[in-house]
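> File entry12.csv follows (CSV, C-alpha atoms):
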```
chain,number,residue,atom,x,y,z
A,10,MET,CA,5.1,16.8,-9.5
A,11,GLN,CA,8.5,15.0,-9.5
A,12,ILE,CA,8.6,11.2,-9.7
A,13,ASN,CA,11.4,9.8,-7.6
A,14,VAL,CA,11.3,6.1,-8.5
A,15,PHE,CA,14.4,3.9,-8.9
A,16,THR,CA,12.9,0.8,-10.5
A,17,ASN,CA,11.1,0.1,-13.7
A,18,TRP,CA,7.9,1.3,-12.1
A,19,LYS,CA,9.0,4.8,-13.2
A,20,SER,CA,8.1,4.1,-16.8
A,21,VAL,CA,4.6,3.0,-15.9
A,22,ILE,CA,4.1,6.0,-13.6
A,23,GLU,CA,5.4,8.4,-16.3
A,24,LEU,CA,2.7,7.1,-18.7
A,25,GLN,CA,0.1,8.5,-16.3
A,26,LYS,CA,1.3,12.0,-17.2
A,27,ASN,CA,-0.5,11.5,-20.6
A,28,LEU,CA,-3.9,10.9,-19.0
A,29,SER,CA,-6.5,13.6,-18.4
A,30,TYR,CA,-6.5,13.4,-14.6
A,31,TRP,CA,-2.8,13.8,-14.1
A,32,HIS,CA,-2.5,17.6,-14.7
A,33,THR,CA,-5.1,18.4,-12.0
A,34,LEU,CA,-3.5,15.9,-9.6
A,35,SER,CA,0.0,17.1,-10.1
A,36,ASN,CA,-0.8,20.8,-9.8
A,37,THR,CA,-3.0,20.2,-6.7
A,38,ILE,CA,-0.2,18.3,-4.9
A,39,ASP,CA,2.5,20.8,-5.8
A,40,ASN,CA,0.3,23.7,-4.5
A,41,ALA,CA,-0.7,21.7,-1.4
A,42,TYR,CA,2.9,21.2,-0.3
A,43,VAL,CA,3.4,25.0,-0.5
A,44,THR,CA,0.3,26.1,1.3
A,45,ASN,CA,-0.6,23.2,3.6
A,46,VAL,CA,0.9,20.5,5.8
A,47,VAL,CA,1.0,17.4,3.7
A,48,PHE,CA,2.2,13.9,4.5
A,49,PRO,CA,4.5,12.1,3.7
A,50,LYS,CA,7.5,14.3,2.7
A,51,GLN,CA,7.2,15.2,-1.0
A,52,ASP,CA,10.2,13.1,-2.0
A,53,GLU,CA,8.6,10.1,-0.4
A,54,ILE,CA,5.3,10.2,-2.3
A,55,PHE,CA,6.2,7.3,-4.6
A,56,LYS,CA,8.5,5.5,-2.2
A,57,CYS,CA,6.6,2.2,-2.2
A,58,PHE,CA,7.7,1.7,-5.8
A,59,ASN,CA,11.4,1.9,-5.1
A,60,TYR,CA,12.2,-1.6,-3.8
A,61,PHE,CA,11.6,-4.0,-6.6
A,62,ASN,CA,10.7,-4.2,-10.3
A,63,ILE,CA,7.1,-4.7,-11.5
A,64,GLU,CA,7.7,-8.4,-12.4
A,65,ALA,CA,8.9,-9.1,-8.9
A,66,THR,CA,5.6,-8.1,-7.3
A,67,LYS,CA,4.5,-10.8,-4.9
A,68,VAL,CA,2.0,-9.1,-2.6
A,69,VAL,CA,-0.1,-5.9,-2.8
A,70,ILE,CA,-1.4,-4.5,0.5
A,71,ILE,CA,-3.7,-1.6,-0.1
A,72,GLY,CA,-4.2,1.1,2.5
A,73,GLN,CA,-6.3,4.2,2.4
A,74,ASP,CA,-4.1,7.2,3.0
A,75,PRO,CA,-0.9,8.2,4.8
A,76,TYR,CA,-0.9,8.6,8.6
A,77,PRO,CA,-2.0,12.1,9.8
A,78,THR,CA,0.4,12.4,12.7
A,79,PRO,CA,3.6,14.4,11.8
A,80,GLY,CA,6.5,12.2,11.1
A,81,ASP,CA,4.6,8.9,11.0
A,82,ALA,CA,4.0,8.5,7.2
A,83,ASN,CA,7.1,7.4,5.3
A,84,GLY,CA,5.6,6.5,1.9
A,85,LEU,CA,4.7,2.9,2.6
A,86,ALA,CA,1.2,2.0,3.6
A,87,PHE,CA,0.8,1.2,7.3
A,88,SER,CA,4.5,1.7,7.9
A,89,VAL,CA,6.1,4.3,10.2
A,90,SER,CA,9.7,5.3,10.8
A,91,ARG,CA,11.5,3.0,13.3
A,92,GLU,CA,11.7,5.7,16.0
A,93,HIS,CA,8.0,6.5,16.0
A,94,ASN,CA,5.3,5.0,18.2
A,95,LEU,CA,3.1,2.4,16.5
A,96,PRO,CA,-0.4,3.7,15.4
A,97,HIS,CA,-3.4,1.7,16.4
A,98,SER,CA,-3.7,0.0,13.0
A,99,LEU,CA,-0.1,-1.2,13.0
A,100,ILE,CA,-0.5,-2.4,16.6
A,101,ASN,CA,-3.4,-4.6,15.5
A,102,ILE,CA,-1.5,-5.7,12.4
A,103,PHE,CA,1.3,-6.9,14.6
A,104,GLN,CA,-1.1,-8.5,17.1
A,105,GLU,CA,-2.6,-10.5,14.2
A,106,LEU,CA,0.9,-11.4,13.0
A,107,LYS,CA,1.7,-12.8,16.4
A,108,ASN,CA,-1.6,-14.7,16.5
A,109,ASP,CA,-1.1,-16.0,13.0
A,110,LEU,CA,2.6,-16.9,12.8
A,111,GLY,CA,3.9,-16.4,16.4
A,112,ILE,CA,6.1,-13.5,15.3
A,113,ASN,CA,6.5,-10.8,17.9
A,114,ARG,CA,7.3,-7.7,15.9
A,115,THR,CA,7.8,-4.2,17.3
A,116,ASN,CA,9.6,-2.4,14.5
A,117,GLY,CA,7.0,-0.3,12.6
A,118,ASP,CA,9.2,0.4,9.6
A,119,LEU,CA,8.0,-2.1,7.0
A,120,THR,CA,10.8,-1.5,4.5
A,121,ASP,CA,11.9,-5.1,4.9
A,122,TRP,CA,8.5,-6.3,3.6
A,123,ALA,CA,8.8,-3.9,0.7
A,124,LYS,CA,12.3,-5.3,-0.2
A,125,GLN,CA,10.7,-8.8,-0.5
A,126,GLY,CA,8.2,-7.7,-3.1
A,127,VAL,CA,5.4,-6.5,-1.0
A,128,LEU,CA,3.8,-3.3,-2.5
A,129,LEU,CA,2.5,-1.2,0.4
A,130,LEU,CA,0.2,1.0,-1.6
A,131,ASN,CA,-2.1,3.6,-0.2
A,132,SER,CA,-5.1,4.5,-2.2
A,133,ALA,CA,-4.1,8.2,-1.8
A,134,LEU,CA,-0.4,8.8,-1.7
A,135,THR,CA,-0.7,12.1,0.1
A,136,PHE,CA,-2.8,13.4,3.1
A,137,SER,CA,-3.5,16.8,4.4
A,138,ARG,CA,-5.9,17.9,7.2
A,139,GLN,CA,-6.4,21.2,5.3
A,140,PHE,CA,-7.5,19.4,2.0
A,141,ASN,CA,-9.9,16.5,1.9
A,142,GLY,CA,-9.9,15.8,-1.9
A,143,PHE,CA,-6.8,13.7,-2.2
A,144,LEU,CA,-8.6,10.4,-2.0
A,145,SER,CA,-10.7,11.2,-5.1
A,146,LEU,CA,-7.8,12.8,-7.0
A,147,TRP,CA,-5.6,9.8,-6.5
A,148,GLN,CA,-8.3,7.3,-7.4
A,149,PRO,CA,-7.5,7.0,-11.2
A,150,PHE,CA,-3.8,6.5,-10.4
A,151,THR,CA,-4.4,3.8,-7.9
A,152,GLN,CA,-6.9,2.0,-10.1
A,153,ASN,CA,-4.5,2.1,-13.1
A,154,ILE,CA,-1.6,0.7,-11.0
A,155,ILE,CA,-3.7,-2.2,-9.6
A,156,LYS,CA,-5.0,-3.0,-13.1
A,157,TYR,CA,-1.5,-2.9,-14.5
A,158,ILE,CA,-0.2,-5.3,-11.9
A,159,ASP,CA,-3.1,-7.7,-12.3
A,160,TYR,CA,-2.7,-7.7,-16.1
A,161,HIS,CA,1.1,-8.0,-16.3
A,162,VAL,CA,2.1,-10.1,-13.3
A,163,GLN,CA,0.7,-13.6,-12.6
A,164,GLY,CA,0.3,-15.0,-9.1
A,165,VAL,CA,0.1,-11.7,-7.1
A,166,ILE,CA,-1.6,-11.9,-3.8
A,167,PHE,CA,-3.9,-8.9,-3.1
A,168,ILE,CA,-4.6,-8.1,0.6
A,169,LEU,CA,-7.7,-6.0,1.0
A,170,TRP,CA,-8.2,-4.7,4.5
A,171,GLY,CA,-11.5,-2.8,5.0
A,172,ASN,CA,-14.3,-1.6,2.7
A,173,PHE,CA,-12.2,1.1,1.1
A,174,ALA,CA,-9.6,-1.4,-0.1
A,175,LYS,CA,-12.3,-3.9,-1.1
A,176,GLN,CA,-13.7,-1.5,-3.7
A,177,TYR,CA,-10.7,-2.5,-5.9
A,178,GLU,CA,-11.7,-6.1,-6.0
A,179,PRO,CA,-13.6,-5.8,-9.3
A,180,LEU,CA,-10.4,-4.5,-10.9
A,181,ILE,CA,-8.5,-7.8,-10.0
A,182,GLU,CA,-9.5,-10.2,-12.8
A,183,HIS,CA,-6.4,-12.3,-13.5
A,184,ASN,CA,-5.4,-12.9,-9.8
A,185,GLN,CA,-8.9,-13.4,-8.3
A,186,THR,CA,-7.8,-16.7,-6.8
A,187,TYR,CA,-5.2,-14.9,-4.6
A,188,ILE,CA,-7.4,-12.2,-3.0
A,189,ILE,CA,-7.3,-12.1,0.8
A,190,LYS,CA,-9.9,-9.7,2.4
A,191,SER,CA,-11.1,-8.8,5.8
A,192,GLY,CA,-12.0,-5.9,8.0
A,193,HIS,CA,-9.7,-3.0,8.5
A,194,PRO,CA,-7.0,-3.2,11.2
A,195,SER,CA,-8.3,0.0,12.7
A,196,PHE,CA,-8.9,0.3,16.4
A,197,ALA,CA,-12.7,0.2,16.1
A,198,ALA,CA,-13.1,-2.6,13.5
A,199,SER,CA,-10.3,-5.0,14.3
A,200,HIS,CA,-11.9,-7.1,17.0
A,201,ARG,CA,-14.9,-7.9,14.8
A,202,GLN,CA,-13.5,-8.5,11.3
A,203,PHE,CA,-9.7,-8.4,11.3
A,204,PHE,CA,-8.3,-10.6,14.1
A,205,ASN,CA,-8.0,-14.3,13.4
A,206,THR,CA,-8.3,-13.9,9.6
A,207,LYS,CA,-4.6,-15.1,9.2
A,208,PRO,CA,-3.6,-13.0,6.2
A,209,PHE,CA,0.1,-13.7,6.7
A,210,SER,CA,0.0,-17.5,6.8
A,211,LYS,CA,-2.6,-17.5,3.9
A,212,THR,CA,-0.2,-15.3,1.8
A,213,ASN,CA,2.7,-17.7,2.4
A,214,GLN,CA,0.5,-20.7,1.6
A,215,PHE,CA,-0.4,-19.1,-1.8
A,216,LEU,CA,3.3,-18.3,-2.4
A,217,LYS,CA,4.2,-21.9,-1.6
A,218,GLN,CA,1.7,-23.1,-4.2
A,219,LEU,CA,3.2,-20.7,-6.7
A,220,ASN,CA,6.7,-21.9,-6.0
A,221,LYS,CA,7.7,-18.4,-4.9
A,222,PRO,CA,9.9,-17.4,-1.9
A,223,LEU,CA,7.8,-16.9,1.2
A,224,ILE,CA,7.6,-13.5,2.9
A,225,ASN,CA,9.6,-13.2,6.1
A,226,TRP,CA,7.1,-11.2,8.0
```
Reformat the file's structure so that it appears as structure tokens.


Amino acid sequence: MQINVFTNWKSVIELQKNLSYWHTLSNTIDNAYVTNVVFPKQDEIFKCFNYFNIEATKVVIIGQDPYPTPGDANGLAFSVSREHNLPHSLINIFQELKNDLGINRTNGDLTDWAKQGVLLLNSALTFSRQFNGFLSLWQPFTQNIIKYIDYHVQGVIFILWGNFAKQYEPLIEHNQTYIIKSGHPSFAASHRQFFNTKPFSKTNQFLKQLNKPLINW
């Protein structure tokens, strides 16, 4: 599995190759792209790490896995290409953004968030309808990345949407003060546990306390 990363994240990800899980993960992914339909494009698997160096991480938003609709997934959790329709989760995220900060956003490409130090990290970086084992295969990688950020970078805000993302909370030891969690912005759960939780203003309040530039959501 080729690692296309253009920041100092590459050295951290390369270290994963020495761990026992990597061989199985890498071979499974390479084979899946040959035999199945897999999202995102193979050269976009590690795209979320391409926009800033590790020490510039300000926010981590953890998703579950890439969108299943062809063309939607672009390597950034919850993000879609500009020309694509918004999935239900992103519609609800933008509704909460409007409720929270009065920002009326329609562009689903979240690259501008990534460029400001927001790591849009899916728990599994690949998805295929023909293979349902990616979530468990990627688990060690995602856990190691979260632990690395938490240990090496101070004052990182972790946004945990939904029960799947919340399972990573025990790994966040040094930045516990800056955890924001709620229900998932999915179509079914959003009205009960996601709306009116104000994650965007809370994030910027934390960044202000830390004397860091606010996110232009």

> Would you list the residues near (-8.1, 4.4, -9.3), meaning any protein, DNA or RNA residue with an atom at most 12 Å from that point in file coordinates, counting all atoms listed in the file, as a PDB file with C-alpha atoms, keeping the file's coordinate frame?


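After the write, selection.pdb holds the following:
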```
ATOM      1  CA  GLN A  25       0.100   8.500 -16.300  1.00  0.00           C
ATOM      2  CA  TYR A  30      -6.500  13.400 -14.600  1.00  0.00           C
ATOM      3  CA  TRP A  31      -2.800  13.800 -14.100  1.00  0.00           C
ATOM      4  CA  ILE A  71      -3.700  -1.600  -0.100  1.00  0.00           C
ATOM      5  CA  GLN A  73      -6.300   4.200   2.400  1.00  0.00           C
ATOM      6  CA  LEU A 130       0.200   1.000  -1.600  1.00  0.00           C
ATOM      7  CA  ASN A 131      -2.100   3.600  -0.200  1.00  0.00           C
ATOM      8  CA  SER A 132      -5.100   4.500  -2.200  1.00  0.00           C
ATOM      9  CA  ALA A 133      -4.100   8.200  -1.800  1.00  0.00           C
ATOM     10  CA  LEU A 134      -0.400   8.800  -1.700  1.00  0.00           C
ATOM     11  CA  PHE A 143      -6.800  13.700  -2.200  1.00  0.00           C
ATOM     12  CA  LEU A 144      -8.600  10.400  -2.000  1.00  0.00           C
ATOM     13  CA  SER A 145     -10.700  11.200  -5.100  1.00  0.00           C
ATOM     14  CA  LEU A 146      -7.800  12.800  -7.000  1.00  0.00           C
ATOM     15  CA  TRP A 147      -5.600   9.800  -6.500  1.00  0.00           C
ATOM     16  CA  GLN A 148      -8.300   7.300  -7.400  1.00  0.00           C
ATOM     17  CA  PRO A 149      -7.500   7.000 -11.200  1.00  0.00           C
ATOM     18  CA  PHE A 150      -3.800   6.500 -10.400  1.00  0.00           C
ATOM     19  CA  THR A 151      -4.400   3.800  -7.900  1.00  0.00           C
ATOM     20  CA  GLN A 152      -6.900   2.000 -10.100  1.00  0.00           C
ATOM     21  CA  ASN A 153      -4.500   2.100 -13.100  1.00  0.00           C
ATOM     22  CA  ILE A 154      -1.600   0.700 -11.000  1.00  0.00           C
ATOM     23  CA  ILE A 155      -3.700  -2.200  -9.600  1.00  0.00           C
ATOM     24  CA  LYS A 156      -5.000  -3.000 -13.100  1.00  0.00           C
ATOM     25  CA  TYR A 157      -1.500  -2.900 -14.500  1.00  0.00           C
ATOM     26  CA  PHE A 173     -12.200   1.100   1.100  1.00  0.00           C
ATOM     27  CA  ALA A 174      -9.600  -1.400  -0.100  1.00  0.00           C
ATOM     28  CA  GLN A 176     -13.700  -1.500  -3.700  1.00  0.00           C
ATOM     29  CA  TYR A 177     -10.700  -2.500  -5.900  1.00  0.00           C
ATOM     30  CA  GLU A 178     -11.700  -6.100  -6.000  1.00  0.00           C
ATOM     31  CA  PRO A 179     -13.600  -5.800  -9.300  1.00  0.00           C
ATOM     32  CA  LEU A 180     -10.400  -4.500 -10.900  1.00  0.00           C
TER      33      LEU A 180
END
```

> What is the atom CA of A:Glu53-atom CA of A:Ser88 distance in Å, reported with one decimal?

12.5 Å

> Hey, which of A:Ile63, A:Ile188, A:Ile38, A:Leu223 ends up closest to A:Val21? Count all atoms listed in the file.

A:Ile63

> Which residue is closest to A:Phe140? Choose from A:Phe58, A:Tyr42, A:Trp226, A:Phe167 and count all atoms listed in the file.

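The closest residue to A:Phe140 is A:Tyr42.
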
> With distances taken over all atoms listed in the file, which residue among A:Asp109, A:Asp74, A:Asp121, A:Asp81 lies nearest A:Ser137?

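Using all atoms listed in the file, the shortest distance to A:Ser137 belongs to A:Asp74.
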
> I need the residue nearest A:Gly171 from this list: A:Asn108, A:Ile22, A:His32, A:Gly72. Use only C-alpha atoms for the distance.

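Once distances to A:Gly171 are computed over only C-alpha atoms, the minimum belongs to A:Gly72.
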
> Skipping near chain neighbours, those fewer than 5 positions away, what residues fall within 10 Å of A:Gln51 using all atoms listed in the file, listed as a VMD selection string?

chain A and resid 10 to 13 38 to 39 42 56 84 134 to 135

> Tell me which of A:Leu106, A:Leu28, A:Val46, A:Leu34 sits closest to A:Arg138, counting all atoms listed in the file.

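Smallest separation from A:Arg138 among the options: A:Val46.
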
> Set the distance at 10 Å and use all atoms listed in the file: which residues neighbour A:Val165 once local chain neighbours fewer than 5 positions away are removed? I'd like the list as a tab-separated table (two decimals) with C-alpha atoms, in the frame of the given file.


```tsv
chain	number	residue	atom	x	y	z
A	64	GLU	CA	7.70	-8.40	-12.40
A	65	ALA	CA	8.90	-9.10	-8.90
A	66	THR	CA	5.60	-8.10	-7.30
A	67	LYS	CA	4.50	-10.80	-4.90
A	68	VAL	CA	2.00	-9.10	-2.60
A	69	VAL	CA	-0.10	-5.90	-2.80
A	126	GLY	CA	8.20	-7.70	-3.10
A	127	VAL	CA	5.40	-6.50	-1.00
A	158	ILE	CA	-0.20	-5.30	-11.90
A	159	ASP	CA	-3.10	-7.70	-12.30
A	181	ILE	CA	-8.50	-7.80	-10.00
A	183	HIS	CA	-6.40	-12.30	-13.50
A	184	ASN	CA	-5.40	-12.90	-9.80
A	185	GLN	CA	-8.90	-13.40	-8.30
A	186	THR	CA	-7.80	-16.70	-6.80
A	187	TYR	CA	-5.20	-14.90	-4.60
A	188	ILE	CA	-7.40	-12.20	-3.00
A	212	THR	CA	-0.20	-15.30	1.80
A	215	PHE	CA	-0.40	-19.10	-1.80
A	216	LEU	CA	3.30	-18.30	-2.40
A	219	LEU	CA	3.20	-20.70	-6.70
```

> Could you model N, CA, C and O atoms for stretch 36-60 of chain A and present them as an mmCIF file, keeping the file's coordinate frame?


```cif
data_model
loop_
_atom_site.group_PDB
_atom_site.id
_atom_site.type_symbol
_atom_site.label_atom_id
_atom_site.label_comp_id
_atom_site.auth_asym_id
_atom_site.auth_seq_id
_atom_site.Cartn_x
_atom_site.Cartn_y
_atom_site.Cartn_z
ATOM 1 N N ASN A 36 -0.760 19.379 -10.191
ATOM 2 C CA ASN A 36 -0.800 20.800 -9.800
ATOM 3 C C ASN A 36 -1.348 20.942 -8.371
ATOM 4 O O ASN A 36 -0.841 21.758 -7.578
ATOM 5 N N THR A 37 -2.377 20.165 -8.050
ATOM 6 C CA THR A 37 -3.000 20.200 -6.700
ATOM 7 C C THR A 37 -1.960 19.842 -5.649
ATOM 8 O O THR A 37 -1.849 20.480 -4.593
ATOM 9 N N ILE A 38 -1.212 18.776 -5.915
ATOM 10 C CA ILE A 38 -0.200 18.300 -4.900
ATOM 11 C C ILE A 38 0.909 19.319 -4.775
ATOM 12 O O ILE A 38 1.305 19.649 -3.647
ATOM 13 N N ASP A 39 1.420 19.823 -5.883
ATOM 14 C CA ASP A 39 2.500 20.800 -5.800
ATOM 15 C C ASP A 39 2.057 22.033 -4.996
ATOM 16 O O ASP A 39 2.806 22.546 -4.151
ATOM 17 N N ASN A 40 0.846 22.507 -5.237
ATOM 18 C CA ASN A 40 0.300 23.700 -4.500
ATOM 19 C C ASN A 40 0.096 23.338 -3.038
ATOM 20 O O ASN A 40 0.340 24.174 -2.155
ATOM 21 N N ALA A 41 -0.379 22.130 -2.771
ATOM 22 C CA ALA A 41 -0.700 21.700 -1.400
ATOM 23 C C ALA A 41 0.570 21.728 -0.532
ATOM 24 O O ALA A 41 0.534 22.142 0.639
ATOM 25 N N TYR A 42 1.680 21.267 -1.087
ATOM 26 C CA TYR A 42 2.900 21.200 -0.300
ATOM 27 C C TYR A 42 3.444 22.628 0.000
ATOM 28 O O TYR A 42 4.198 22.812 0.953
ATOM 29 N N VAL A 43 3.018 23.622 -0.780
ATOM 30 C CA VAL A 43 3.400 25.000 -0.500
ATOM 31 C C VAL A 43 2.519 25.670 0.490
ATOM 32 O O VAL A 43 2.994 26.418 1.361
ATOM 33 N N THR A 44 1.236 25.370 0.439
ATOM 34 C CA THR A 44 0.300 26.100 1.300
ATOM 35 C C THR A 44 -0.252 25.350 2.466
ATOM 36 O O THR A 44 -0.815 25.960 3.373
ATOM 37 N N ASN A 45 -0.087 24.021 2.507
ATOM 38 C CA ASN A 45 -0.600 23.200 3.600
ATOM 39 C C ASN A 45 0.412 22.295 4.191
ATOM 40 O O ASN A 45 1.538 22.203 3.681
ATOM 41 N N VAL A 46 0.033 21.608 5.262
ATOM 42 C CA VAL A 46 0.900 20.500 5.800
ATOM 43 C C VAL A 46 0.432 19.244 5.180
ATOM 44 O O VAL A 46 -0.718 18.824 5.321
ATOM 45 N N VAL A 47 1.352 18.595 4.459
ATOM 46 C CA VAL A 47 1.000 17.400 3.700
ATOM 47 C C VAL A 47 1.974 16.273 4.094
ATOM 48 O O VAL A 47 3.170 16.497 4.310
ATOM 49 N N PHE A 48 1.445 15.065 4.206
ATOM 50 C CA PHE A 48 2.200 13.900 4.500
ATOM 51 C C PHE A 48 2.147 12.885 3.372
ATOM 52 O O PHE A 48 1.106 12.786 2.726
ATOM 53 N N PRO A 49 3.192 12.111 3.078
ATOM 54 C CA PRO A 49 4.500 12.100 3.700
ATOM 55 C C PRO A 49 5.347 13.304 3.108
ATOM 56 O O PRO A 49 4.795 14.196 2.466
ATOM 57 N N LYS A 50 6.660 13.290 3.311
ATOM 58 C CA LYS A 50 7.500 14.300 2.700
ATOM 59 C C LYS A 50 7.353 14.133 1.147
ATOM 60 O O LYS A 50 7.125 13.040 0.640
ATOM 61 N N GLN A 51 7.499 15.230 0.436
ATOM 62 C CA GLN A 51 7.200 15.200 -1.000
ATOM 63 C C GLN A 51 8.079 14.243 -1.759
ATOM 64 O O GLN A 51 7.635 13.629 -2.734
ATOM 65 N N ASP A 52 9.323 14.063 -1.329
ATOM 66 C CA ASP A 52 10.200 13.100 -2.000
ATOM 67 C C ASP A 52 9.949 11.677 -1.685
ATOM 68 O O ASP A 52 10.624 10.774 -2.192
ATOM 69 N N GLU A 53 8.954 11.431 -0.808
ATOM 70 C CA GLU A 53 8.600 10.100 -0.400
ATOM 71 C C GLU A 53 7.242 9.630 -0.994
ATOM 72 O O GLU A 53 6.784 8.524 -0.694
ATOM 73 N N ILE A 54 6.617 10.469 -1.819
ATOM 74 C CA ILE A 54 5.300 10.200 -2.300
ATOM 75 C C ILE A 54 5.235 8.795 -3.004
ATOM 76 O O ILE A 54 4.332 7.982 -2.776
ATOM 77 N N PHE A 55 6.227 8.519 -3.844
ATOM 78 C CA PHE A 55 6.200 7.300 -4.600
ATOM 79 C C PHE A 55 7.212 6.241 -4.075
ATOM 80 O O PHE A 55 7.637 5.337 -4.785
ATOM 81 N N LYS A 56 7.526 6.359 -2.817
ATOM 82 C CA LYS A 56 8.500 5.500 -2.200
ATOM 83 C C LYS A 56 8.222 4.026 -2.284
ATOM 84 O O LYS A 56 9.125 3.185 -2.409
ATOM 85 N N CYS A 57 6.935 3.666 -2.238
ATOM 86 C CA CYS A 57 6.600 2.200 -2.200
ATOM 87 C C CYS A 57 6.999 1.523 -3.502
ATOM 88 O O CYS A 57 7.072 0.287 -3.523
ATOM 89 N N PHE A 58 7.291 2.269 -4.566
ATOM 90 C CA PHE A 58 7.700 1.700 -5.800
ATOM 91 C C PHE A 58 9.194 1.522 -6.004
ATOM 92 O O PHE A 58 9.658 1.101 -7.062
ATOM 93 N N ASN A 59 9.956 1.848 -4.980
ATOM 94 C CA ASN A 59 11.400 1.900 -5.100
ATOM 95 C C ASN A 59 12.165 0.645 -4.815
ATOM 96 O O ASN A 59 13.389 0.607 -4.959
ATOM 97 N N TYR A 60 11.485 -0.429 -4.408
ATOM 98 C CA TYR A 60 12.200 -1.600 -3.800
ATOM 99 C C TYR A 60 12.304 -2.786 -4.723
ATOM 100 O O TYR A 60 13.093 -3.682 -4.443
#
```
